[in-house]
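Next up, data11.cif (mmCIF, C-alpha atoms):
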```
data_start
loop_
_atom_site.label_atom_id
_atom_site.label_comp_id
_atom_site.auth_asym_id
_atom_site.auth_seq_id
_atom_site.Cartn_x
_atom_site.Cartn_y
_atom_site.Cartn_z
CA MET A 19 -81.30 61.53 18.52
CA THR A 20 -81.22 57.78 18.14
CA PHE A 21 -77.76 56.03 18.22
CA LYS A 22 -77.31 53.56 15.40
CA PRO A 23 -74.43 51.17 16.25
CA LEU A 24 -74.68 49.30 12.95
CA ILE A 25 -73.08 52.26 11.13
CA LEU A 26 -69.75 51.63 12.95
CA VAL A 27 -69.48 47.96 12.00
CA PRO A 28 -67.76 48.46 8.62
CA PHE A 29 -65.16 50.81 10.16
CA LEU A 30 -64.37 48.45 13.04
CA ALA A 31 -63.82 45.52 10.69
CA THR A 32 -61.49 47.42 8.34
CA PRO A 33 -58.18 46.96 10.32
CA ALA A 34 -58.58 43.18 10.44
CA PHE A 35 -58.97 42.94 6.69
CA ALA A 36 -56.28 45.51 5.91
CA GLY A 37 -53.53 43.46 7.50
CA SER A 38 -54.32 40.39 5.46
CA LEU A 39 -54.37 42.28 2.17
CA ASP A 40 -50.74 43.44 2.55
CA GLN A 41 -49.26 39.92 3.13
CA THR A 42 -47.13 38.39 0.33
CA PRO A 43 -46.54 34.63 -0.13
CA VAL A 44 -43.41 33.35 1.67
CA GLU A 45 -41.12 31.38 -0.65
CA PRO A 46 -39.41 28.29 0.84
CA ALA A 47 -35.67 28.59 1.53
CA PRO A 48 -33.51 27.12 -1.23
CA VAL A 49 -32.27 23.59 -0.54
CA ALA A 50 -28.59 22.95 -1.17
CA PRO A 51 -27.93 20.09 -3.60
CA VAL A 52 -26.82 16.87 -1.96
CA THR A 53 -23.33 15.86 -3.07
CA PRO A 54 -22.70 12.12 -2.82
CA ILE A 55 -19.75 11.30 -0.56
CA ALA A 56 -17.42 8.66 -1.92
CA SER A 57 -16.85 5.85 0.53
CA PRO A 58 -13.24 5.82 1.75
CA VAL A 59 -10.92 3.03 0.67
CA THR A 60 -10.43 0.76 3.65
CA GLY A 61 -8.03 -2.11 3.84
CA ASP A 62 -9.23 -5.68 3.77
CA TRP A 63 -5.99 -7.58 3.61
CA THR A 64 -7.37 -11.13 3.37
CA GLY A 65 -6.71 -12.75 0.01
CA PRO A 66 -4.10 -13.26 -2.71
CA SER A 67 -2.10 -10.55 -4.45
CA VAL A 68 0.38 -10.27 -7.31
CA GLY A 69 2.76 -7.44 -8.03
CA VAL A 70 5.86 -6.04 -9.67
CA GLN A 71 8.78 -4.29 -7.97
CA LEU A 72 11.70 -2.13 -9.01
CA GLY A 73 14.59 -0.84 -6.97
CA TYR A 74 18.23 -0.81 -5.98
CA GLY A 75 20.58 -3.54 -4.78
CA TYR A 76 23.88 -3.29 -2.95
CA ALA A 77 26.19 -6.32 -2.65
CA ASP A 78 29.09 -6.71 -0.22
CA PRO A 79 31.12 -9.83 -1.11
CA ASP A 80 33.48 -11.40 1.44
CA GLY A 81 36.12 -13.57 -0.18
CA PRO A 82 38.17 -13.45 -3.37
CA GLU A 83 36.31 -10.31 -4.51
CA GLU A 84 35.81 -7.92 -1.62
CA GLU A 85 34.84 -4.81 -3.56
CA THR A 86 31.27 -3.70 -2.96
CA SER A 87 29.01 -3.08 -5.93
CA ASP A 88 25.46 -2.00 -6.68
CA GLY A 89 22.86 -2.01 -9.43
CA ALA A 90 19.20 -2.19 -10.32
CA VAL A 91 16.87 -5.00 -9.23
CA TYR A 92 13.45 -5.78 -10.67
CA GLY A 93 10.98 -8.57 -10.27
CA LEU A 94 7.63 -10.18 -9.51
CA ASN A 95 5.90 -11.31 -6.33
CA ALA A 96 2.82 -13.26 -5.24
CA TYR A 97 1.43 -13.36 -1.69
CA TYR A 98 -1.51 -14.61 0.30
CA ASP A 99 -2.43 -12.72 3.48
CA HIS A 100 -5.04 -13.16 6.18
CA ASP A 101 -6.39 -10.19 8.15
CA PHE A 102 -7.06 -11.11 11.80
CA GLY A 103 -8.22 -7.61 12.76
CA ASN A 104 -5.26 -5.70 14.14
CA TRP A 105 -2.72 -8.21 12.84
CA ILE A 106 -2.03 -9.67 9.40
CA ALA A 107 -0.09 -12.84 8.57
CA GLY A 108 0.90 -14.00 5.13
CA ALA A 109 3.33 -15.94 2.97
CA GLY A 110 4.61 -15.56 -0.54
CA VAL A 111 7.27 -15.91 -3.20
CA GLU A 112 9.43 -13.32 -4.93
CA TYR A 113 11.79 -13.33 -7.87
CA GLU A 114 14.21 -10.49 -8.60
CA GLY A 115 16.51 -10.14 -11.54
CA ALA A 116 19.76 -8.23 -10.94
CA ASP A 117 22.94 -7.15 -12.68
CA ILE A 118 25.41 -6.47 -9.89
CA ASP A 119 29.09 -6.92 -10.68
CA LEU A 120 30.91 -9.19 -8.20
CA GLY A 121 34.33 -9.04 -9.88
CA GLU A 122 35.99 -12.46 -10.07
CA ALA A 123 32.75 -14.06 -8.84
CA GLY A 124 30.89 -12.80 -11.92
CA ASP A 125 27.55 -11.02 -11.67
CA LEU A 126 24.80 -11.45 -9.13
CA ASP A 127 22.18 -12.47 -11.67
CA SER A 128 19.03 -13.13 -9.62
CA MET A 129 17.54 -13.73 -6.18
CA ALA A 130 14.48 -15.83 -5.36
CA ARG A 131 12.70 -15.87 -2.00
CA VAL A 132 10.07 -17.93 -0.20
CA GLY A 133 8.94 -16.69 3.19
CA GLY A 134 6.38 -15.17 5.47
CA ARG A 135 5.44 -11.81 6.88
CA VAL A 136 3.58 -10.47 9.88
CA GLY A 137 1.99 -7.04 9.68
CA TYR A 138 0.00 -4.54 11.71
CA ASP A 139 -3.28 -3.26 10.24
CA LEU A 140 -3.53 0.56 10.19
CA GLY A 141 -6.68 0.58 8.05
CA LYS A 142 -5.75 1.18 4.45
CA THR A 143 -2.04 0.72 5.28
CA MET A 144 -0.13 -2.14 6.83
CA VAL A 145 3.44 -2.24 8.09
CA TYR A 146 5.19 -5.59 8.28
CA GLY A 147 8.32 -7.56 9.02
CA GLN A 148 9.33 -10.48 6.83
CA GLY A 149 11.86 -13.25 6.47
CA GLY A 150 12.57 -16.67 5.02
CA TYR A 151 14.60 -18.68 2.53
CA ALA A 152 16.55 -17.02 -0.29
CA HIS A 153 18.44 -18.37 -3.29
CA ALA A 154 21.05 -16.46 -5.33
CA SER A 155 22.41 -17.17 -8.80
CA THR A 156 25.61 -15.80 -10.29
CA ASP A 157 26.78 -15.70 -13.89
CA GLY A 158 30.28 -15.62 -15.35
CA GLY A 159 33.49 -14.76 -13.53
CA SER A 160 36.72 -16.72 -13.19
CA LEU A 161 35.60 -18.35 -9.93
CA ASP A 162 32.50 -19.96 -11.43
CA ALA A 163 30.75 -19.36 -8.10
CA GLY A 164 27.41 -20.86 -9.18
CA ASP A 165 24.36 -20.66 -6.92
CA SER A 166 23.86 -20.36 -3.18
CA ASN A 167 21.15 -20.95 -0.62
CA GLY A 168 20.65 -18.35 2.08
CA TYR A 169 18.11 -16.32 4.01
CA TYR A 170 16.54 -12.87 4.08
CA VAL A 171 14.92 -10.53 6.60
CA GLY A 172 13.24 -7.20 6.00
CA VAL A 173 10.65 -4.56 6.81
CA GLY A 174 8.08 -2.85 4.62
CA ALA A 175 4.75 -1.08 4.22
CA GLU A 176 1.84 -1.41 1.81
CA THR A 177 -1.07 1.00 1.29
CA TYR A 178 -4.27 1.05 -0.75
CA VAL A 179 -4.45 3.69 -3.49
CA ALA A 180 -7.59 2.26 -5.15
CA GLU A 181 -10.12 -0.46 -4.39
CA ASN A 182 -7.84 -3.35 -5.42
CA VAL A 183 -4.52 -1.58 -6.01
CA THR A 184 -1.73 -0.99 -3.50
CA LEU A 185 1.70 0.59 -3.47
CA SER A 186 4.43 -1.01 -1.40
CA GLY A 187 7.99 -0.37 -0.36
CA ASP A 188 10.46 -2.51 1.55
CA VAL A 189 14.07 -3.04 2.48
CA LYS A 190 15.58 -6.53 2.71
CA TYR A 191 18.90 -7.92 3.81
CA ASN A 192 19.93 -11.15 2.02
CA GLU A 193 22.87 -13.36 2.97
CA PHE A 194 24.38 -16.15 0.87
CA SER A 195 27.31 -18.39 1.91
CA ASP A 196 26.76 -21.67 0.06
CA PHE A 197 28.38 -20.99 -3.31
CA ASP A 198 30.47 -23.54 -5.21
CA ASP A 199 33.46 -21.45 -4.17
CA ASP A 200 33.58 -22.09 -0.42
CA ASP A 201 35.42 -18.84 0.26
CA LEU A 202 32.72 -16.60 -1.20
CA GLU A 203 30.01 -15.03 0.96
CA ILE A 204 27.68 -12.25 -0.15
CA GLY A 205 25.53 -9.91 1.88
CA ALA A 206 23.07 -8.07 -0.37
CA THR A 207 20.69 -5.28 0.62
CA THR A 208 17.77 -4.38 -1.63
CA ALA A 209 15.33 -1.45 -1.47
CA THR A 210 12.31 -1.65 -3.78
CA VAL A 211 8.93 -0.07 -4.49
CA GLY A 212 6.08 -2.14 -5.87
CA LEU A 213 2.68 -1.95 -7.53
CA ASN A 214 0.29 -4.72 -6.50
CA TYR A 215 -3.17 -6.01 -7.39
CA ARG A 216 -5.14 -7.59 -4.55
CA PHE A 217 -7.94 -10.02 -5.42
#
```
Let's see the structure in the file written out as structure tokens.
Amino acid sequence: MTFKPLILVPFLATPAFAGSLDQTPVEPAPVAPVTPIASPVTGDWTGPSVGVQLGYGYADPDGPEEETSDGAVYGLNAYYDHDFGNWIAGAGVEYEGADIDLGEAGDLDSMARVGGRVGYDLGKTMVYGQGGYAHASTDGGSLDAGDSNGYYVGVGAETYVAENVTLSGDVKYNEFSDFDDDDLEIGATTATVGLNYRF
């Protein structure tokens, strides 16, 4: 009997082809959508700013009317600051209207300030100390106290809430002793919050 090896060829080849027939196409893994990340607001404190403030004032007269009094204060401010990296230096002006009863000295009608500030840069927030010249005006009263020059010192903080918008808060002590009535001296403390636009 003659052996015919060619008869086995189809059977030997069958396993190789069988494996390939059962394979199914592999689908690519789903790709998660890319969500754009908003860039964080960072503080660049160099430049001018304008703002409005609202708060509370407390006056402590020393003289003919020694009764303390308080009331609302409200006003405007304009500053220019320069950011040196970790430190910020600036100068500005402020005007605050007030209606604080001083008894015989009338009403503390307004306070105006010109001064400087030095701050520390925390990124989108700065903390600062400030001080300078202050001027107070009174209205009415039997003493006709008039106006007075003086000074102020204070501390505060300002933080970015949008690209060009900041919120601020500060506390200032103001002292006035140059009224037309030589016996009248006023120490006034103000605490305000502000909304500012930085150019």
For this session: Could you tell me which residues the PyMOL selection byres ((chain A and resi 197) around 6) grabs in this file, written as JSON, numbers by chain?
Result: {"A": [163, 164, 165, 166, 195, 196, 198, 199]}
Exercise. A:Glu176, A:Glu193, A:Asp201, A:Asp78: which is nearest A:Leu120, counting all atoms listed in the file?
Worked result: A:Asp78
For this session: Name the residues, using the chain letters and numbers of the file, that sit within 10 Å of (30.7, -13.2, -12.2) when counting all atoms listed in the file, and give them as an NGL selection string.
Result: :A and (83 or 117-127 or 155-164)
For this session: Given the file shown, determine the residues that the PyMOL selection byres ((chain A and resi 89-92) around 12) selects; report them as a ChimeraX atom specification.
Result: /A:69-77,86-88,93-95,112-120,125-130,206-213
Problem set entry | One-decimal distance in Å that lies between atom CA of A:Tyr169 and atom CA of A:Gly150 |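 Computing the Euclidean distance for atom CA of A:Gly150 and atom CA of A:Tyr169 yields 5.6 Å.
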Problem set entry | Selection near A:Phe102, 10 Å with all atoms listed in the file, sequence-local residues under 3 positions removed, as a PyMOL selection string | chain A and resi 62-64+99+105-107+138-139
Problem set entry | Selection under test: the PyMOL selection byres ((chain A and resi 108) around 12); residues as a VMD selection string | chain A and resid 63 to 67 96 to 102 105 to 107 109 to 111 132 to 138 146 to 150
For this session: To one decimal in Å, tell me the separation between atom CA of A:Ala152 and atom CA of A:Tyr178.
Result: 27.6 Å
Problem set entry | One-decimal distance in Å that lies between atom CA of A:Lys190 and atom CA of A:Asn214 |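 Value for the atom CA of A:Asn214-atom CA of A:Lys190 distance: 17.9 Å.
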Exercise. In terms of the shortest atom-to-atom distance over all atoms listed in the file, which of A:Glu85, A:Pro79, A:Phe217, A:Thr143 is closest to A:Ser186?
Worked result: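 Ranked by minimum distance to A:Ser186, first place goes to A:Thr143.
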For this session: Return the single residue from A:Ile204, A:Val68, A:Leu140, A:Asn104 that is closest to A:Asn167, with distances computed using only C-alpha atoms.
Result: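 Closest residue, counting only C-alpha atoms: A:Ile204.
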For this session: Would you mind telling me which residue in A:Gly205, A:Ala180, A:Asp188, A:Gly168 lies nearest to A:Val145 when using only C-alpha atoms?
Result: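 Smallest distance to A:Val145 is found for A:Asp188.
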Exercise. Of the candidates A:His153, A:Leu202, A:Phe194, A:Lys142, which one gets nearest to A:Asn182 if we count only C-alpha atoms?
Worked result: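 Between A:His153, A:Leu202, A:Phe194, A:Lys142, the residue approaching A:Asn182 most closely is A:Lys142.
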